[in-house]
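Participant: Please find final_5.cif (mmCIF, C-alpha atoms) on the next line:
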```cif
data_entry
loop_
_atom_site.label_atom_id
_atom_site.label_comp_id
_atom_site.auth_asym_id
_atom_site.auth_seq_id
_atom_site.Cartn_x
_atom_site.Cartn_y
_atom_site.Cartn_z
CA MET A 3 -26.37 -58.88 -24.06
CA SER A 4 -27.38 -60.74 -27.17
CA GLY A 5 -26.00 -60.60 -30.68
CA PRO A 6 -23.44 -58.26 -32.10
CA PRO A 7 -23.73 -54.58 -31.27
CA GLN A 8 -26.17 -52.89 -33.53
CA VAL A 9 -24.76 -50.52 -36.06
CA PRO A 10 -26.72 -47.31 -35.72
CA PRO A 11 -28.61 -46.57 -38.92
CA LYS A 12 -27.47 -43.62 -40.92
CA GLU A 13 -29.72 -40.86 -39.91
CA ALA A 14 -29.83 -37.15 -39.96
CA ASN A 15 -29.03 -36.86 -36.27
CA HIS A 16 -25.43 -37.88 -36.85
CA ALA A 17 -23.32 -35.17 -38.34
CA PRO A 18 -19.78 -35.67 -39.56
CA ILE A 19 -17.15 -33.83 -37.55
CA PRO A 20 -15.54 -31.20 -39.72
CA GLN A 21 -11.83 -31.30 -40.09
CA ALA A 22 -10.10 -29.20 -37.47
CA LYS A 23 -8.68 -25.96 -38.71
CA PRO A 24 -5.04 -25.38 -37.89
CA PHE A 25 -4.74 -23.60 -34.56
CA VAL A 26 -4.10 -19.89 -34.86
CA SER A 27 -3.06 -18.26 -31.65
CA SER A 28 -4.57 -14.93 -30.80
CA LEU A 29 -1.78 -14.24 -28.32
CA ARG A 30 0.10 -11.04 -28.87
CA TYR A 31 3.77 -11.78 -28.92
CA PRO A 32 6.32 -9.50 -27.28
CA SER A 33 9.03 -8.10 -29.54
CA SER A 34 11.44 -10.83 -28.46
CA ARG A 35 8.90 -13.42 -29.68
CA LYS A 36 9.19 -15.16 -26.31
CA THR A 37 6.00 -15.61 -24.35
CA ILE A 38 5.89 -16.63 -20.73
CA TYR A 39 5.41 -20.22 -21.94
CA ASP A 40 8.70 -20.18 -23.83
CA ARG A 41 10.72 -19.26 -20.79
CA ASN A 42 12.87 -21.73 -18.98
CA LEU A 43 11.01 -22.99 -15.92
CA ASN A 44 14.15 -22.71 -13.88
CA ARG A 45 14.66 -19.02 -14.43
CA THR A 46 13.48 -17.33 -11.29
CA LYS A 47 15.47 -14.10 -11.29
CA THR A 48 13.37 -12.37 -13.92
CA THR A 49 9.98 -13.77 -13.00
CA GLU A 50 9.06 -10.99 -10.61
CA ILE A 51 5.84 -9.32 -11.62
CA SER A 52 4.49 -5.90 -10.85
CA LEU A 53 2.54 -5.69 -7.63
CA ALA A 54 0.18 -3.17 -9.21
CA SER A 55 -0.74 -5.50 -12.09
CA PHE A 56 -1.27 -8.34 -9.68
CA SER A 57 -3.42 -6.13 -7.47
CA TYR A 58 -5.71 -5.14 -10.31
CA LEU A 59 -6.06 -8.76 -11.42
CA PHE A 60 -6.74 -9.92 -7.88
CA ASN A 61 -9.14 -7.01 -7.51
CA SER A 62 -11.17 -8.26 -10.50
CA LEU A 63 -11.14 -11.79 -9.15
CA ILE A 64 -12.59 -10.65 -5.84
CA THR A 65 -15.16 -8.38 -7.47
CA TYR A 66 -16.28 -11.29 -9.66
CA HIS A 67 -16.65 -13.73 -6.79
CA HIS A 68 -18.18 -11.08 -4.56
CA ALA A 69 -20.89 -10.45 -7.14
CA LYS A 70 -21.59 -14.17 -7.46
CA SER A 71 -21.76 -15.11 -3.80
CA GLY A 72 -24.32 -14.49 -1.15
CA SER A 73 -22.18 -14.64 1.95
CA VAL A 74 -18.73 -13.94 3.29
CA SER A 75 -17.93 -17.62 3.67
CA GLU A 76 -18.96 -18.26 0.10
CA ILE A 77 -16.52 -15.63 -1.18
CA GLU A 78 -13.77 -17.28 0.84
CA THR A 79 -14.67 -20.72 -0.49
CA ARG A 80 -14.66 -19.43 -4.04
CA LEU A 81 -11.27 -17.73 -3.60
CA ASN A 82 -9.97 -20.93 -2.06
CA ARG A 83 -11.21 -22.99 -5.02
CA ALA A 84 -9.74 -20.51 -7.48
CA ALA A 85 -6.27 -20.90 -5.96
CA TYR A 86 -6.36 -24.66 -5.36
CA PRO A 87 -4.96 -25.61 -8.81
CA ILE A 88 -2.10 -23.14 -8.29
CA GLY A 89 -1.02 -25.05 -5.19
CA ILE A 90 -1.01 -28.35 -7.03
CA LYS A 91 1.19 -26.95 -9.76
CA MET A 92 3.43 -24.99 -7.43
CA LEU A 93 4.50 -28.21 -5.67
CA ASP A 94 5.79 -29.70 -8.90
CA LEU A 95 7.32 -26.45 -10.08
CA LEU A 96 9.19 -25.77 -6.86
CA LEU A 97 10.49 -29.33 -6.64
CA TYR A 98 11.68 -29.04 -10.21
CA ARG A 99 13.46 -25.80 -9.38
CA GLN A 100 15.37 -27.21 -6.43
CA PRO A 101 19.00 -28.09 -6.97
CA SER A 102 18.92 -31.59 -8.42
CA ARG A 103 21.15 -33.13 -5.75
CA THR A 104 18.96 -32.12 -2.86
CA ALA A 105 15.55 -32.22 -4.51
CA ALA A 106 13.23 -34.39 -2.44
CA ARG A 107 9.52 -34.48 -2.07
CA PRO A 108 8.26 -33.59 1.39
CA THR A 109 7.15 -36.95 2.75
CA ARG A 110 6.79 -36.07 6.41
CA MET A 111 4.34 -33.59 7.80
CA LEU A 112 6.99 -31.31 9.25
CA ASP A 113 8.96 -31.33 6.00
CA LEU A 114 5.85 -30.31 4.13
CA LEU A 115 5.03 -27.53 6.57
CA GLN A 116 8.55 -26.15 6.37
CA PHE A 117 8.43 -26.44 2.60
CA ILE A 118 5.30 -24.29 2.57
CA HIS A 119 6.57 -21.89 5.22
CA GLY A 120 9.91 -21.42 3.49
CA THR A 121 10.16 -22.50 -0.13
CA LEU A 122 6.61 -21.73 -1.23
CA TRP A 123 6.49 -18.39 0.56
CA ARG A 124 9.86 -17.36 -0.86
CA ALA A 125 8.77 -18.27 -4.37
CA LEU A 126 5.50 -16.37 -4.09
CA PHE A 127 6.35 -13.44 -1.84
CA ASN A 128 10.15 -13.34 -1.75
CA ARG A 129 10.33 -13.94 2.01
CA SER A 130 9.41 -16.76 4.33
CA ALA A 131 6.24 -16.74 6.39
CA SER A 132 6.38 -15.12 9.80
CA ALA A 133 5.82 -18.18 11.97
CA LEU A 134 4.89 -21.83 11.98
CA GLU A 135 3.03 -23.20 14.99
CA GLN A 136 1.31 -26.36 16.14
CA SER A 137 -1.95 -26.38 18.03
CA ASN A 138 -1.59 -27.39 21.68
CA THR A 139 -4.94 -29.08 21.87
CA LYS A 140 -5.47 -30.72 18.50
CA LYS A 141 -2.64 -32.64 16.98
CA ASN A 142 -3.97 -32.38 13.44
CA GLU A 143 -3.97 -28.59 13.45
CA TYR A 144 -1.06 -26.44 12.37
CA MET A 145 -0.83 -22.72 11.85
CA ILE A 146 1.22 -20.71 9.41
CA ILE A 147 1.29 -17.06 10.33
CA ASP A 148 1.89 -14.15 7.99
CA ASN A 149 2.14 -10.72 9.57
CA GLU A 150 1.22 -8.91 6.40
CA PRO A 151 -0.09 -11.05 3.53
CA LEU A 152 0.99 -9.56 0.25
CA VAL A 153 -2.38 -10.14 -1.39
CA ASN A 154 -4.03 -7.91 1.22
CA THR A 155 -1.65 -4.98 0.72
CA PHE A 156 -4.21 -2.69 -0.87
CA ILE A 157 -7.43 -4.25 0.36
CA SER A 158 -9.58 -2.66 3.05
CA ILE A 159 -12.49 -4.76 4.22
CA PRO A 160 -15.74 -2.86 4.78
CA LYS A 161 -17.23 -3.11 8.26
CA GLU A 162 -20.26 -5.17 7.28
CA MET A 163 -18.06 -8.07 6.16
CA SER A 164 -15.18 -7.69 8.60
CA GLN A 165 -14.76 -11.45 8.86
CA LEU A 166 -13.71 -11.72 5.24
CA ASN A 167 -10.03 -12.31 4.66
CA CYS A 168 -8.98 -12.31 1.03
CA ALA A 169 -5.89 -14.29 1.98
CA ALA A 170 -8.31 -17.21 1.60
CA PHE A 171 -6.69 -17.23 -1.83
CA ILE A 172 -3.34 -18.15 -0.26
CA ALA A 173 -5.11 -20.71 1.90
CA GLY A 174 -6.34 -22.31 -1.32
CA ILE A 175 -2.77 -22.52 -2.63
CA ILE A 176 -1.66 -24.21 0.62
CA GLU A 177 -4.57 -26.64 0.45
CA GLY A 178 -3.76 -27.55 -3.14
CA MET A 179 -0.14 -28.14 -2.23
CA CYS A 180 -0.97 -30.34 0.78
CA ASP A 181 -3.34 -32.45 -1.30
CA ALA A 182 -0.84 -32.78 -4.12
CA ALA A 183 1.82 -33.90 -1.65
CA GLY A 184 -0.46 -36.64 -0.34
CA PHE A 185 -1.38 -34.95 2.93
CA SER A 186 -5.11 -34.46 2.54
CA THR A 187 -6.68 -31.81 4.67
CA ASP A 188 -10.10 -30.98 5.97
CA GLY A 189 -9.57 -27.54 4.55
CA VAL A 190 -7.14 -24.69 4.99
CA THR A 191 -8.65 -21.41 6.12
CA ALA A 192 -7.41 -17.86 6.64
CA HIS A 193 -8.29 -15.94 9.80
CA TRP A 194 -7.60 -12.42 11.02
CA ALA A 195 -5.36 -12.28 14.06
CA GLY A 196 -4.22 -8.68 14.06
CA GLU A 197 -7.00 -7.09 16.06
CA GLY A 198 -5.48 -4.77 18.64
CA ASP A 199 -2.04 -5.41 17.18
CA GLU A 200 -0.48 -2.00 16.60
CA MET A 201 2.48 -3.33 14.68
CA TRP A 202 0.73 -5.82 12.40
CA PRO A 203 -2.97 -5.02 12.02
CA GLY A 204 -3.21 -7.31 9.02
CA LYS A 205 -1.77 -10.38 10.71
CA THR A 206 -3.31 -13.52 9.30
CA ILE A 207 -3.31 -17.12 10.51
CA PHE A 208 -3.60 -19.93 8.02
CA LEU A 209 -5.13 -22.89 9.81
CA LEU A 210 -4.29 -26.29 8.35
CA ARG A 211 -6.43 -29.19 9.52
CA PHE A 212 -5.01 -32.49 8.36
CA LYS A 213 -7.25 -35.52 8.01
CA ASP A 214 -7.08 -38.06 10.87
CA SER A 215 -5.77 -40.72 8.49
CA VAL A 216 -2.79 -38.51 7.68
CA VAL A 217 -2.00 -38.01 11.37
CA GLU A 218 -2.28 -41.77 12.01
CA ARG A 219 0.04 -42.54 9.13
CA GLU A 220 2.51 -39.98 10.43
CA GLU A 221 2.48 -41.62 13.86
CA ALA A 222 2.88 -45.05 12.36
CA ILE A 223 5.98 -43.90 10.49
CA LYS A 224 7.33 -42.34 13.66
CA ALA A 225 6.70 -45.56 15.63
CA GLY A 226 8.47 -47.50 12.90
CA GLY A 227 11.53 -45.36 13.46
CA GLY A 228 11.19 -43.55 10.16
CA MET B 30 4.79 20.84 7.15
CA VAL B 31 1.40 22.43 7.61
CA VAL B 32 -1.35 20.77 5.63
CA PHE B 33 -4.81 21.90 6.62
CA ALA B 34 -7.15 19.76 4.59
CA LEU B 35 -7.54 17.48 1.61
CA LEU B 36 -10.67 17.29 -0.53
CA ILE B 37 -11.31 14.92 -3.40
CA ILE B 38 -13.97 15.77 -5.97
CA ASN B 39 -15.20 13.21 -8.48
CA LYS B 40 -15.63 13.98 -12.13
CA ALA B 41 -19.27 14.95 -11.66
CA GLY B 42 -18.44 17.58 -9.05
CA GLY B 43 -19.47 15.52 -6.04
CA LEU B 44 -17.34 15.57 -2.92
CA ILE B 45 -16.08 12.05 -2.24
CA TYR B 46 -13.51 12.70 0.45
CA ASN B 47 -12.71 15.40 2.94
CA ARG B 48 -10.40 15.34 5.86
CA THR B 49 -8.67 17.96 7.97
CA PHE B 50 -5.20 17.42 9.32
CA ALA B 51 -4.42 20.39 11.55
CA PRO B 52 -6.04 21.13 14.91
CA GLY B 53 -7.87 24.36 15.63
CA LEU B 54 -9.47 24.91 12.23
CA GLN B 55 -12.88 26.47 11.87
CA LYS B 56 -15.48 23.81 11.40
CA LEU B 57 -17.58 23.65 8.27
CA ASP B 58 -20.69 21.55 8.32
CA SER B 59 -20.92 18.76 5.78
CA ASN B 60 -23.40 20.66 3.62
CA ASP B 61 -20.96 23.55 3.28
CA TYR B 62 -18.29 21.11 2.19
CA LEU B 63 -20.57 19.83 -0.56
CA ILE B 64 -21.33 23.39 -1.70
CA LEU B 65 -17.64 24.26 -1.65
CA ALA B 66 -16.83 21.22 -3.77
CA GLY B 67 -19.63 21.91 -6.24
CA THR B 68 -18.72 25.59 -6.55
CA PHE B 69 -15.06 24.87 -7.07
CA HIS B 70 -15.93 22.27 -9.69
CA GLY B 71 -17.87 24.91 -11.64
CA ILE B 72 -15.22 27.62 -11.31
CA HIS B 73 -12.55 25.15 -12.34
CA ALA B 74 -14.51 24.24 -15.45
CA ILE B 75 -14.87 27.93 -16.33
CA SER B 76 -11.20 28.61 -15.71
CA ARG B 77 -10.35 25.85 -18.14
CA SER B 78 -12.38 27.33 -20.97
CA ILE B 79 -11.36 30.97 -20.53
CA ASN B 80 -7.71 30.16 -20.93
CA PRO B 81 -6.37 32.89 -23.29
CA ALA B 82 -3.58 30.77 -24.78
CA PRO B 83 -4.57 28.69 -27.81
CA PRO B 84 -4.93 25.06 -26.82
CA ALA B 85 -1.80 23.09 -27.58
CA GLN B 86 -2.39 19.89 -29.51
CA PRO B 87 -1.74 17.02 -27.11
CA PRO B 88 0.48 14.26 -28.47
CA PRO B 89 -1.53 11.21 -29.53
CA GLY B 90 -2.26 8.83 -26.69
CA ASN B 91 -1.86 11.52 -24.08
CA ARG B 92 -5.11 11.96 -22.22
CA LYS B 93 -4.03 14.98 -20.27
CA PRO B 94 -6.58 17.76 -20.68
CA PRO B 95 -5.19 20.55 -22.89
CA THR B 96 -5.72 23.17 -20.21
CA THR B 97 -5.43 22.45 -16.54
CA GLY B 98 -7.63 25.20 -15.15
CA ILE B 99 -6.92 26.52 -11.67
CA GLU B 100 -3.70 25.05 -10.39
CA SER B 101 -3.36 27.05 -7.25
CA LEU B 102 -5.02 29.86 -5.39
CA GLU B 103 -3.29 31.88 -2.74
CA SER B 104 -4.43 34.11 0.06
CA SER B 105 -2.65 35.52 3.05
CA HIS B 106 -3.82 32.61 5.19
CA PHE B 107 -3.74 29.58 2.99
CA ARG B 108 -2.79 28.22 -0.36
CA LEU B 109 -5.10 25.95 -2.31
CA THR B 110 -3.40 23.56 -4.73
CA CYS B 111 -5.55 21.71 -7.21
CA TYR B 112 -4.54 18.73 -9.27
CA GLN B 113 -6.88 17.23 -11.81
CA THR B 114 -6.09 13.67 -12.86
CA PRO B 115 -6.46 12.52 -16.49
CA THR B 116 -9.71 10.82 -15.50
CA GLY B 117 -11.24 13.98 -14.12
CA VAL B 118 -10.87 13.47 -10.39
CA LYS B 119 -9.76 16.64 -8.60
CA PHE B 120 -7.52 16.74 -5.56
CA LEU B 121 -7.69 19.91 -3.49
CA LEU B 122 -4.99 20.49 -0.94
CA PHE B 123 -5.21 23.34 1.57
CA THR B 124 -1.86 24.28 3.05
CA SER B 125 -0.25 27.23 4.74
CA PRO B 126 1.03 29.78 2.18
CA GLU B 127 4.66 29.13 2.99
CA GLN B 128 4.40 25.38 2.44
CA PRO B 129 6.90 24.40 -0.29
CA ASN B 130 6.48 21.63 -2.88
CA THR B 131 2.72 21.39 -2.69
CA GLU B 132 2.74 19.85 -6.17
CA LEU B 133 4.76 16.93 -4.90
CA VAL B 134 2.56 16.54 -1.83
CA ILE B 135 -0.57 16.42 -3.94
CA ARG B 136 0.98 13.93 -6.40
CA ARG B 137 1.84 11.69 -3.48
CA CYS B 138 -1.78 11.92 -2.28
CA TYR B 139 -2.87 10.89 -5.76
CA GLU B 140 -0.49 7.93 -5.58
CA ILE B 141 -1.91 6.87 -2.23
CA TYR B 142 -5.40 7.17 -3.74
CA GLY B 143 -4.29 5.05 -6.70
CA ASP B 144 -2.95 2.38 -4.38
CA PHE B 145 -5.47 2.08 -1.61
CA VAL B 146 -8.70 3.25 -3.21
CA MET B 147 -8.46 2.12 -6.81
CA LYS B 148 -6.89 -1.23 -5.97
CA ASN B 149 -9.49 -1.97 -3.34
CA PRO B 150 -12.17 -4.33 -4.64
CA PHE B 151 -14.78 -3.02 -2.20
CA TYR B 152 -14.73 0.58 -3.37
CA SER B 153 -17.42 1.57 -5.85
CA MET B 154 -16.40 4.22 -8.34
CA GLU B 155 -17.55 7.82 -7.84
CA MET B 156 -18.84 7.06 -4.35
CA PRO B 157 -17.61 8.59 -1.09
CA ILE B 158 -14.33 7.05 -0.02
CA ARG B 159 -14.56 5.06 3.17
CA VAL B 160 -11.41 3.01 2.99
CA GLU B 161 -9.51 2.26 6.15
CA LYS B 162 -6.05 1.78 4.66
CA PHE B 163 -6.37 4.98 2.63
CA ASP B 164 -7.12 6.93 5.80
CA ARG B 165 -4.19 5.32 7.55
CA ALA B 166 -1.74 5.90 4.70
CA LEU B 167 -2.80 9.54 4.28
CA GLY B 168 -2.54 10.07 8.01
CA GLY B 169 0.92 8.55 8.01
CA TYR B 170 2.00 10.88 5.23
CA LEU B 171 0.32 14.17 6.10
CA VAL B 172 0.07 14.12 9.88
CA ARG B 173 3.49 14.71 11.33
CA PRO B 174 4.13 14.17 15.00
CA SER B 175 4.66 17.65 16.37
#
```
If you convert what's in this file into structure tokens, what do you get?
Facilitator:
Amino acid sequence: MSGPPQVPPKEANHAPIPQAKPFVSSLRYPSSRKTIYDRNLNRTKTTEISLASFSYLFNSLITYHHAKSGSVSEIETRLNRAAYPIGIKMLDLLLYRQPSRTAARPTRMLDLLQFIHGTLWRALFNRSASALEQSNTKKNEYMIIDNEPLVNTFISIPKEMSQLNCAAFIAGIIEGMCDAAGFSTDGVTAHWAGEGDEMWPGKTIFLLRFKDSVVEREEAIKAGGG
Amino acid sequence: MVVFALLIINKAGGLIYNRTFAPGLQKLDSNDYLILAGTFHGIHAISRSINPAPPAQPPPGNRKPPTTGIESLESSHFRLTCYQTPTGVKFLLFTSPEQPNTELVIRRCYEIYGDFVMKNPFYSMEMPIRVEKFDRALGGYLVRPS
């Protein structure tokens, strides 16, 4: 570089930025003047929402992504991406909500899995997941099983796309949470497992594949007596 | 509880769902079902406009049609109960004449429809209903183990 930086000549292609107008919210306030943003983050008793409202919202989300994608796997990827930021935020929120004496970030793989299986599931669906299993063959694969995912309550998959599982949305939340906790994954996916199951035809397996580096770190901690 | 059949007619008079629940009924072919649905749609529309009572003014915000048209039709062998939703979909329930509370039964069918058909992202409006969970829920409600 040579010489001082050149001052750009005053020309017509530079326009002054107009002064920002004061922000006027278009939100409609409830009669109590308290929006969802004004609520205490710790209040969990009254944060239940209507399943019907959620279903219609989720319905629109799926219709939107269905219209935009060309294949079943693309819909699942899009649902996963849509939910990923929720997982990231849920980790912080749930840790914040824990009683302050016992609050601790999940730093070990098993802690994290139990956190998802228990705490996350209870916060989202008011019950814990049905089972938590480890793959016998691959040590980086874990499975969280839900017998009846809440998001699928009213959804019937047409025959031509029977592979599609809209619980990919929940898989996205799990993936976001794992990444936020520092356990990167090679993806979390949702799979049907209820075929031929009279009791739970909607049984879904969430398959978590952790990155090799995460598994190695875990073993190193274990070897170090941690 | 003896429920013979349930038909759903969309607001244009097209049959979008039909299912029988009792064994040993006479079979109608699918064309006859369509004719039945279309005919009933027409008669229902007429019955709404020949209502002798002056139409009551509905309260603002209430989308219920001022006259309901045919609500039920009885014969010695069956009773037909009709419920038209505010959006114009008609539910037709065929039961035995001595079946009590058909109004409640048909409302519950409407609820099941609201849950499993309208909240299903893969159902296109006004088209025939082929929704697995709707079939299962209706079956669970209307088919009683005998």
Participant: I'd like the interatomic distance between CA of Thr131 in chain B and CA of Lys56 in chain B, to a tenth of an Å.
Facilitator: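 A separation of 23.1 Å between them.
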Participant: Please enumerate the residues selected by the PyMOL selection byres ((chain B) within 9 of (chain A)) when evaluated against the supplied file, formatted as a list in words.
Facilitator: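 Selected by the PyMOL selection byres ((chain B) within 9 of (chain A)) here: Asp144, Phe145, Val146, Met147, Lys148, Asn149, Pro150, Phe151, Tyr152, Arg159, Val160, Glu161, Lys162 and Phe163 of chain B.
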Participant: Those residues with C-alpha atoms, as a short mmCIF file (atom, residue, chain, number, x, y, z; two decimals), keeping the file's coordinate frame please?
Facilitator:
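Just written: result_17.cif:
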```cif
data_model
loop_
_atom_site.label_atom_id
_atom_site.label_comp_id
_atom_site.auth_asym_id
_atom_site.auth_seq_id
_atom_site.Cartn_x
_atom_site.Cartn_y
_atom_site.Cartn_z
CA ASP B 144 -2.95 2.38 -4.38
CA PHE B 145 -5.47 2.08 -1.61
CA VAL B 146 -8.70 3.25 -3.21
CA MET B 147 -8.46 2.12 -6.81
CA LYS B 148 -6.89 -1.23 -5.97
CA ASN B 149 -9.49 -1.97 -3.34
CA PRO B 150 -12.17 -4.33 -4.64
CA PHE B 151 -14.78 -3.02 -2.20
CA TYR B 152 -14.73 0.58 -3.37
CA ARG B 159 -14.56 5.06 3.17
CA VAL B 160 -11.41 3.01 2.99
CA GLU B 161 -9.51 2.26 6.15
CA LYS B 162 -6.05 1.78 4.66
CA PHE B 163 -6.37 4.98 2.63
#
```
Participant: Can you build me a table of range 8-100 of chain A residues sitting at most 12 Å from range 113-127 of chain A, with the closest atom pair per residue and its distance in Å to one decimal, using only C-alpha atoms, sorted by chain and residue number, as a tab-separated table?
Facilitator:
```
residue	atom	partner	partner_atom	distance
A:Asn44	CA	A:Ala125	CA	11.8
A:Arg45	CA	A:Ala125	CA	11.7
A:Thr46	CA	A:Ala125	CA	8.4
A:Lys47	CA	A:Ala125	CA	10.5
A:Thr49	CA	A:Ala125	CA	9.8
A:Glu50	CA	A:Leu126	CA	9.2
A:Ile51	CA	A:Leu126	CA	10.3
A:Ser52	CA	A:Phe127	CA	11.9
A:Leu53	CA	A:Phe127	CA	10.4
A:Phe56	CA	A:Leu126	CA	11.9
A:Ile88	CA	A:Leu126	CA	11.0
A:Gly89	CA	A:Leu122	CA	9.2
A:Ile90	CA	A:Leu122	CA	11.6
A:Lys91	CA	A:Leu122	CA	11.4
A:Met92	CA	A:Leu122	CA	7.7
A:Leu93	CA	A:Leu122	CA	8.1
A:Asp94	CA	A:Leu122	CA	11.1
A:Leu95	CA	A:Leu122	CA	10.1
A:Leu96	CA	A:Leu122	CA	7.4
A:Leu97	CA	A:Thr121	CA	9.4
A:Arg99	CA	A:Ala125	CA	10.2
A:Gln100	CA	A:Thr121	CA	9.4
```
Participant: Pull the neighbourhood of (-16.5, 9.2, -0.4) for me: all residues within 10 Å in file coordinates, counting all atoms listed in the file, as a list in words.
Facilitator: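 Output of the proximity query reads Leu36, Ile37, Ile38, Asn39, Gly43, Leu44, Ile45, Tyr46, Asn47, Tyr152, Ser153, Met154, Glu155, Met156, Pro157, Ile158, Arg159 and Val160 of chain B.
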Participant: Find the distance between CA of Gly189 in chain A and CA of Arg211 in chain A and write it in Å to one decimal.
Facilitator: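 CA of Arg211 in chain A lies at a distance of 6.1 Å from CA of Gly189 in chain A.
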Participant: Using all atoms listed in the file, what residues lie at most 8 Å away from (-6.4, -12.7, -0.6) (file coordinates), given as a list of chain:residue names?
Facilitator: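 Output: A:Phe60, A:Leu81, A:Pro151, A:Val153, A:Asn154, A:Asn167, A:Cys168, A:Ala169, A:Ala170, A:Phe171, A:Ile172.
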Participant: Take CA of Phe33 in chain B and CA of Met201 in chain A and report the distance between them in Å, one decimal.
Facilitator: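 Distance between the two atoms: 27.5 Å.
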Participant: From the set B:Tyr170, B:Phe50, B:Tyr62, B:Phe69, which residue has the shortest atom-to-atom contact distance to Cys111 in chain B, counting only C-alpha atoms?
Facilitator: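 Ranking B:Tyr170, B:Phe50, B:Tyr62, B:Phe69 by distance to Cys111 in chain B, first place goes to B:Phe69.
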Participant: My structure is short of atoms at range 134-149 of chain A; please model N, CA and C atoms there, returning them as an mmCIF file, keeping the file's coordinate frame.
Facilitator:
```cif
data_model
loop_
_atom_site.group_PDB
_atom_site.id
_atom_site.type_symbol
_atom_site.label_atom_id
_atom_site.label_comp_id
_atom_site.auth_asym_id
_atom_site.auth_seq_id
_atom_site.Cartn_x
_atom_site.Cartn_y
_atom_site.Cartn_z
ATOM 1 N N LEU A 134 5.512 -20.533 12.206
ATOM 2 C CA LEU A 134 4.890 -21.830 11.980
ATOM 3 C C LEU A 134 4.612 -22.428 13.346
ATOM 4 N N GLU A 135 3.353 -22.744 13.639
ATOM 5 C CA GLU A 135 3.030 -23.200 14.990
ATOM 6 C C GLU A 135 2.135 -24.420 14.929
ATOM 7 N N GLN A 136 2.179 -25.197 16.035
ATOM 8 C CA GLN A 136 1.310 -26.360 16.140
ATOM 9 C C GLN A 136 0.291 -26.095 17.245
ATOM 10 N N SER A 137 -0.925 -26.564 17.017
ATOM 11 C CA SER A 137 -1.950 -26.380 18.030
ATOM 12 C C SER A 137 -1.618 -27.209 19.259
ATOM 13 N N ASN A 138 -1.873 -26.648 20.451
ATOM 14 C CA ASN A 138 -1.590 -27.390 21.680
ATOM 15 C C ASN A 138 -2.647 -28.434 21.970
ATOM 16 N N THR A 139 -3.844 -28.201 21.504
ATOM 17 C CA THR A 139 -4.940 -29.080 21.870
ATOM 18 C C THR A 139 -5.224 -30.133 20.815
ATOM 19 N N LYS A 140 -5.141 -29.751 19.548
ATOM 20 C CA LYS A 140 -5.470 -30.720 18.500
ATOM 21 C C LYS A 140 -4.216 -31.035 17.708
ATOM 22 N N LYS A 141 -3.918 -32.332 17.616
ATOM 23 C CA LYS A 141 -2.640 -32.640 16.980
ATOM 24 C C LYS A 141 -2.723 -32.659 15.462
ATOM 25 N N ASN A 142 -3.904 -32.456 14.899
ATOM 26 C CA ASN A 142 -3.970 -32.380 13.440
ATOM 27 C C ASN A 142 -3.992 -30.945 12.930
ATOM 28 N N GLU A 143 -3.869 -29.993 13.862
ATOM 29 C CA GLU A 143 -3.970 -28.590 13.450
ATOM 30 C C GLU A 143 -2.626 -27.878 13.521
ATOM 31 N N TYR A 144 -2.289 -27.225 12.422
ATOM 32 C CA TYR A 144 -1.060 -26.440 12.370
ATOM 33 C C TYR A 144 -1.403 -25.050 11.882
ATOM 34 N N MET A 145 -0.553 -24.089 12.258
ATOM 35 C CA MET A 145 -0.830 -22.720 11.850
ATOM 36 C C MET A 145 0.399 -22.103 11.191
ATOM 37 N N ILE A 146 0.177 -21.509 10.046
ATOM 38 C CA ILE A 146 1.220 -20.710 9.410
ATOM 39 C C ILE A 146 0.777 -19.266 9.531
ATOM 40 N N ILE A 147 1.672 -18.440 10.048
ATOM 41 C CA ILE A 147 1.290 -17.060 10.330
ATOM 42 C C ILE A 147 2.041 -16.102 9.422
ATOM 43 N N ASP A 148 1.289 -15.197 8.821
ATOM 44 C CA ASP A 148 1.890 -14.150 7.990
ATOM 45 C C ASP A 148 1.475 -12.816 8.583
ATOM 46 N N ASN A 149 2.461 -11.991 8.926
ATOM 47 C CA ASN A 149 2.140 -10.720 9.570
ATOM 48 C C ASN A 149 1.461 -9.741 8.616
#
```
